[in-house]
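Content type PDB, C-alpha atoms, pLDDT in the B column, from the file query.pdb:
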```
ATOM      1  CA  MET A1229     -13.960  -9.106  -8.284  1.00 50.00           C
ATOM      2  CA  ALA A1230     -10.211  -9.566  -8.142  1.00 68.00           C
ATOM      3  CA  GLU A1231      -8.663 -11.263  -5.132  1.00 93.00           C
ATOM      4  CA  LEU A1232      -7.405  -8.939  -2.399  1.00 95.00           C
ATOM      5  CA  LYS A1233      -3.840 -10.290  -2.609  1.00 95.00           C
ATOM      6  CA  ASP A1234      -3.788  -9.652  -6.374  1.00 95.00           C
ATOM      7  CA  ALA A1235      -5.088  -6.101  -5.889  1.00 96.00           C
ATOM      8  CA  ALA A1236      -2.477  -5.448  -3.172  1.00 96.00           C
ATOM      9  CA  ASP A1237       0.272  -6.870  -5.394  1.00 96.00           C
ATOM     10  CA  GLN A1238      -0.708  -4.561  -8.257  1.00 96.00           C
ATOM     11  CA  PHE A1239      -0.885  -1.648  -5.816  1.00 95.00           C
ATOM     12  CA  ALA A1240       2.667  -2.379  -4.614  1.00 94.00           C
ATOM     13  CA  LYS A1241       3.923  -2.575  -8.211  1.00 93.00           C
ATOM     14  CA  ASP A1242       2.270   0.764  -9.012  1.00 93.00           C
ATOM     15  CA  LEU A1243       3.788   2.241  -5.859  1.00 89.00           C
ATOM     16  CA  LEU A1244       7.308   1.126  -6.796  1.00 87.00           C
ATOM     17  CA  ALA A1245       6.908   2.286 -10.393  1.00 88.00           C
ATOM     18  CA  GLN A1246       5.336   5.568  -9.219  1.00 86.00           C
ATOM     19  CA  ASN A1247       2.421   4.832 -11.543  1.00 92.00           C
ATOM     20  CA  ILE A1248       0.196   7.716 -10.463  1.00 91.00           C
ATOM     21  CA  ALA A1249      -2.689   6.695 -12.745  1.00 94.00           C
ATOM     22  CA  GLY A1250      -2.741   3.191 -11.264  1.00 92.00           C
ATOM     23  CA  LEU A1251      -2.519   4.503  -7.730  1.00 92.00           C
ATOM     24  CA  MET A1252      -5.289   7.081  -8.181  1.00 92.00           C
ATOM     25  CA  VAL A1253      -7.894   4.406  -8.891  1.00 94.00           C
ATOM     26  CA  ALA A1254      -6.718   2.261  -5.965  1.00 96.00           C
ATOM     27  CA  PHE A1255      -7.697   4.733  -3.226  1.00 96.00           C
ATOM     28  CA  THR A1256     -10.918   5.826  -1.587  1.00 96.00           C
ATOM     29  CA  PRO A1257     -11.007   9.589  -0.890  1.00 95.00           C
ATOM     30  CA  ASN A1258     -10.003   8.895   2.726  1.00 95.00           C
ATOM     31  CA  GLY A1259      -7.091   6.718   1.621  1.00 94.00           C
ATOM     32  CA  MET A1260      -5.919   9.331  -0.888  1.00 93.00           C
ATOM     33  CA  GLY A1261      -5.593  11.962   1.832  1.00 91.00           C
ATOM     34  CA  GLN A1262      -3.552   9.612   3.984  1.00 93.00           C
ATOM     35  CA  ALA A1263      -1.378   8.621   1.020  1.00 91.00           C
ATOM     36  CA  MET A1264      -0.455  12.238   0.421  1.00 87.00           C
ATOM     37  CA  ALA A1265       0.690  12.547   4.055  1.00 86.00           C
ATOM     38  CA  LEU A1266       2.570   9.242   3.771  1.00 85.00           C
ATOM     39  CA  GLN A1267       4.476  10.499   0.744  1.00 80.00           C
ATOM     40  CA  SER A1268       6.246  13.137   2.833  1.00 77.00           C
ATOM     41  CA  GLN A1269       7.077  10.526   5.505  1.00 74.00           C
ATOM     42  CA  MET A1270       8.600   8.231   2.887  1.00 71.00           C
ATOM     43  CA  GLN A1271      10.673  11.081   1.438  1.00 69.00           C
ATOM     44  CA  ALA A1272      11.896  12.041   4.929  1.00 68.00           C
ATOM     45  CA  ALA A1273      12.964   8.427   5.520  1.00 64.00           C
ATOM     46  CA  GLY A1274      15.255   8.687   2.498  1.00 62.00           C
ATOM     47  CA  PRO A1275      15.741   6.352  -0.434  1.00 62.00           C
ATOM     48  CA  GLN A1276      15.922   2.605   0.030  1.00 62.00           C
ATOM     49  CA  GLY A1277      19.141   0.896  -0.960  1.00 64.00           C
ATOM     50  CA  GLY A1278      18.967  -1.180  -4.125  1.00 68.00           C
ATOM     51  CA  ALA A1279      15.848  -2.400  -5.879  1.00 75.00           C
ATOM     52  CA  PRO A1280      13.417  -3.365  -3.114  1.00 79.00           C
ATOM     53  CA  THR A1281      11.713  -6.709  -2.969  1.00 88.00           C
ATOM     54  CA  VAL A1282       8.057  -6.644  -2.014  1.00 91.00           C
ATOM     55  CA  THR A1283       6.151  -9.044   0.201  1.00 93.00           C
ATOM     56  CA  ILE A1284       2.369  -8.862   0.576  1.00 94.00           C
ATOM     57  CA  ASN A1285       1.087 -10.033   3.970  1.00 94.00           C
ATOM     58  CA  VAL A1286      -2.696 -10.321   4.226  1.00 94.00           C
ATOM     59  CA  GLN A1287      -3.273  -9.876   7.972  1.00 94.00           C
ATOM     60  CA  GLY A1288      -6.960 -10.702   8.145  1.00 93.00           C
ATOM     61  CA  GLN A1289     -10.143  -8.776   8.661  1.00 94.00           C
ATOM     62  CA  GLU A1290     -11.235  -6.161  11.192  1.00 92.00           C
ATOM     63  CA  GLY A1291     -14.926  -5.455  10.764  1.00 88.00           C
ATOM     64  CA  ASP A1292     -15.466  -4.629   7.085  1.00 89.00           C
ATOM     65  CA  ASP A1293     -11.794  -3.681   6.654  1.00 94.00           C
ATOM     66  CA  HIS A1294      -9.232  -6.110   5.304  1.00 97.00           C
ATOM     67  CA  LEU A1295      -5.710  -5.495   6.638  1.00 97.00           C
ATOM     68  CA  VAL A1296      -2.690  -5.895   4.376  1.00 97.00           C
ATOM     69  CA  ASP A1297       0.952  -5.135   5.145  1.00 97.00           C
ATOM     70  CA  ILE A1298       3.215  -4.349   2.219  1.00 95.00           C
ATOM     71  CA  VAL A1299       6.844  -4.976   3.167  1.00 94.00           C
ATOM     72  CA  MET A1300       9.512  -3.379   0.991  1.00 89.00           C
ATOM     73  CA  ALA A1301      13.003  -4.656   1.736  1.00 88.00           C
ATOM     74  CA  GLY A1302      16.139  -3.180   0.199  1.00 79.00           C
ATOM     75  CA  GLU A1303      19.820  -3.479   1.022  1.00 79.00           C
ATOM     76  CA  GLY A1304      19.845  -3.534   4.830  1.00 76.00           C
ATOM     77  CA  ASP A1305      16.589  -1.569   4.971  1.00 80.00           C
ATOM     78  CA  SER A1306      12.984  -2.627   5.369  1.00 85.00           C
ATOM     79  CA  ARG A1307       9.765  -0.595   5.422  1.00 87.00           C
ATOM     80  CA  THR A1308       6.288  -1.831   6.162  1.00 92.00           C
ATOM     81  CA  ILE A1309       3.275  -0.002   4.807  1.00 94.00           C
ATOM     82  CA  ALA A1310       0.071  -0.941   6.628  1.00 96.00           C
ATOM     83  CA  THR A1311      -3.079  -0.682   4.521  1.00 97.00           C
ATOM     84  CA  ARG A1312      -6.804  -1.129   5.128  1.00 97.00           C
ATOM     85  CA  TRP A1313      -8.814  -2.263   2.137  1.00 97.00           C
ATOM     86  CA  LYS A1314     -12.550  -2.055   1.484  1.00 96.00           C
ATOM     87  CA  ASP A1315     -14.726  -3.623  -1.162  1.00 95.00           C
ATOM     88  CA  VAL A1316     -16.213  -0.634  -2.995  1.00 95.00           C
ATOM     89  CA  ALA A1317     -18.750  -1.632  -5.653  1.00 93.00           C
ATOM     90  CA  GLY A1318     -16.895  -4.872  -6.364  1.00 92.00           C
ATOM     91  CA  ALA A1319     -13.382  -3.398  -6.454  1.00 94.00           C
ATOM     92  CA  TRP A1320     -10.745  -3.434  -3.706  1.00 96.00           C
ATOM     93  CA  LYS A1321      -9.769   0.091  -2.598  1.00 97.00           C
ATOM     94  CA  VAL A1322      -7.203   1.331  -0.065  1.00 97.00           C
ATOM     95  CA  ASP A1323      -9.154   3.233   2.606  1.00 97.00           C
ATOM     96  CA  ALA A1324      -6.254   3.803   5.015  1.00 97.00           C
ATOM     97  CA  ILE A1325      -2.478   3.725   4.658  1.00 96.00           C
ATOM     98  CA  THR A1326       0.361   4.352   7.098  1.00 94.00           C
ATOM     99  CA  LEU A1327       4.055   3.630   7.523  1.00 90.00           C
ATOM    100  CA  LYS A1328       4.683   1.247  10.421  1.00 88.00           C
ATOM    101  CA  ALA A1329       7.436   2.249  12.811  1.00 71.00           C
TER     102      ALA A1329
END
```

Could you show the structure in this file as structure tokens?
Amino acid sequence: MAELKDAADQFAKDLLAQNIAGLMVAFTPNGMGQAMALQSQMQAAGPQGGAPTVTINVQGQEGDDHLVDIVMAGEGDSRTIATRWKDVAGAWKVDAITLKA
């Protein structure tokens, strides 16, 4: 099984590149539903200035969930996407995703 940080890093790269195929396999059904809602929030927030840099912050564990913040920082703008990951049959999957205020 890949390390959680590596899986989160690949997820962030797929998110930035809008790699739908890569993102589809990264979600549980619950996470996919939340991601679709998050997409409209991200669009409402407007585009980020410049090419964002990404920082992966593994926050720890809460029960069986592993918490990871993905921070995308652009020119004078920063967004944090909070994710909850689960080990599903030996693969890390995003089970919950939200945009932090």

query = So which one's closest to Val1322 (chain A), A:Thr1256, A:Gln1238, A:Gln1289, A:Thr1283? Using only C-alpha atoms, please.
reply = A:Thr1256

task = Can you work out the spacing between CA of Asp1305 (chain A) and CA of Val1286 (chain A) in Å, to one decimal?
result =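 If I compute the distance from CA of Asp1305 (chain A) to CA of Val1286 (chain A), I get 21.2 Å.
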
query = So which residues touch region 1292-1303 of chain A within 6 Å, counting all atoms listed in the file, skipping near sequence neighbours fewer than 4 positions away, as an NGL selection string?
reply = :A and (1276-1278 or 1280-1288 or 1307-1314)

request  = Tell me, in Å to one decimal, how far CA of Ala1254 (chain A) is from CA of Lys1321 (chain A).
outcome  =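 Here the two named atoms are 5.0 Å from each other.
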
message = Calculated over all atoms listed in the file, which of the candidates A:Ala1263, A:Leu1243, A:Ala1279, A:Ala1235 has the smallest distance to Ala1319 (chain A)?
response =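 Of A:Ala1263, A:Leu1243, A:Ala1279, A:Ala1235, the one nearest Ala1319 (chain A) is A:Ala1235, counting all atoms listed in the file.
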
ask   = Pick from A:Leu1232, A:Met1252, A:Ala1240, A:Ala1245: nearest to Gly1318 (chain A), with all atoms listed in the file counted?
value =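 Of all the options, A:Leu1232 lies closest to Gly1318 (chain A).
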
Output check: residues returned by the PyMOL selection byres ((chain A and resi 1262) around 12), as an NGL selection string = :A and (1255-1261 or 1263-1269 or 1309-1312 or 1322-1327)

query = What is the distance between CA of Ile1248 (chain A) and CA of Gly1304 (chain A), in Å to one decimal?
reply = 27.3 Å

Provide an axis-aligned box for all listed atoms of region 1288-1300 of chain A, padding each side by 5 Å; report its centre and its edge lengths in Å to one decimal, as AutoDock Vina command-line options.
```
--center_x -3.0 --center_y -7.0 --center_z 6.1 --size_x 35.0 --size_y 17.3 --size_z 20.2
```
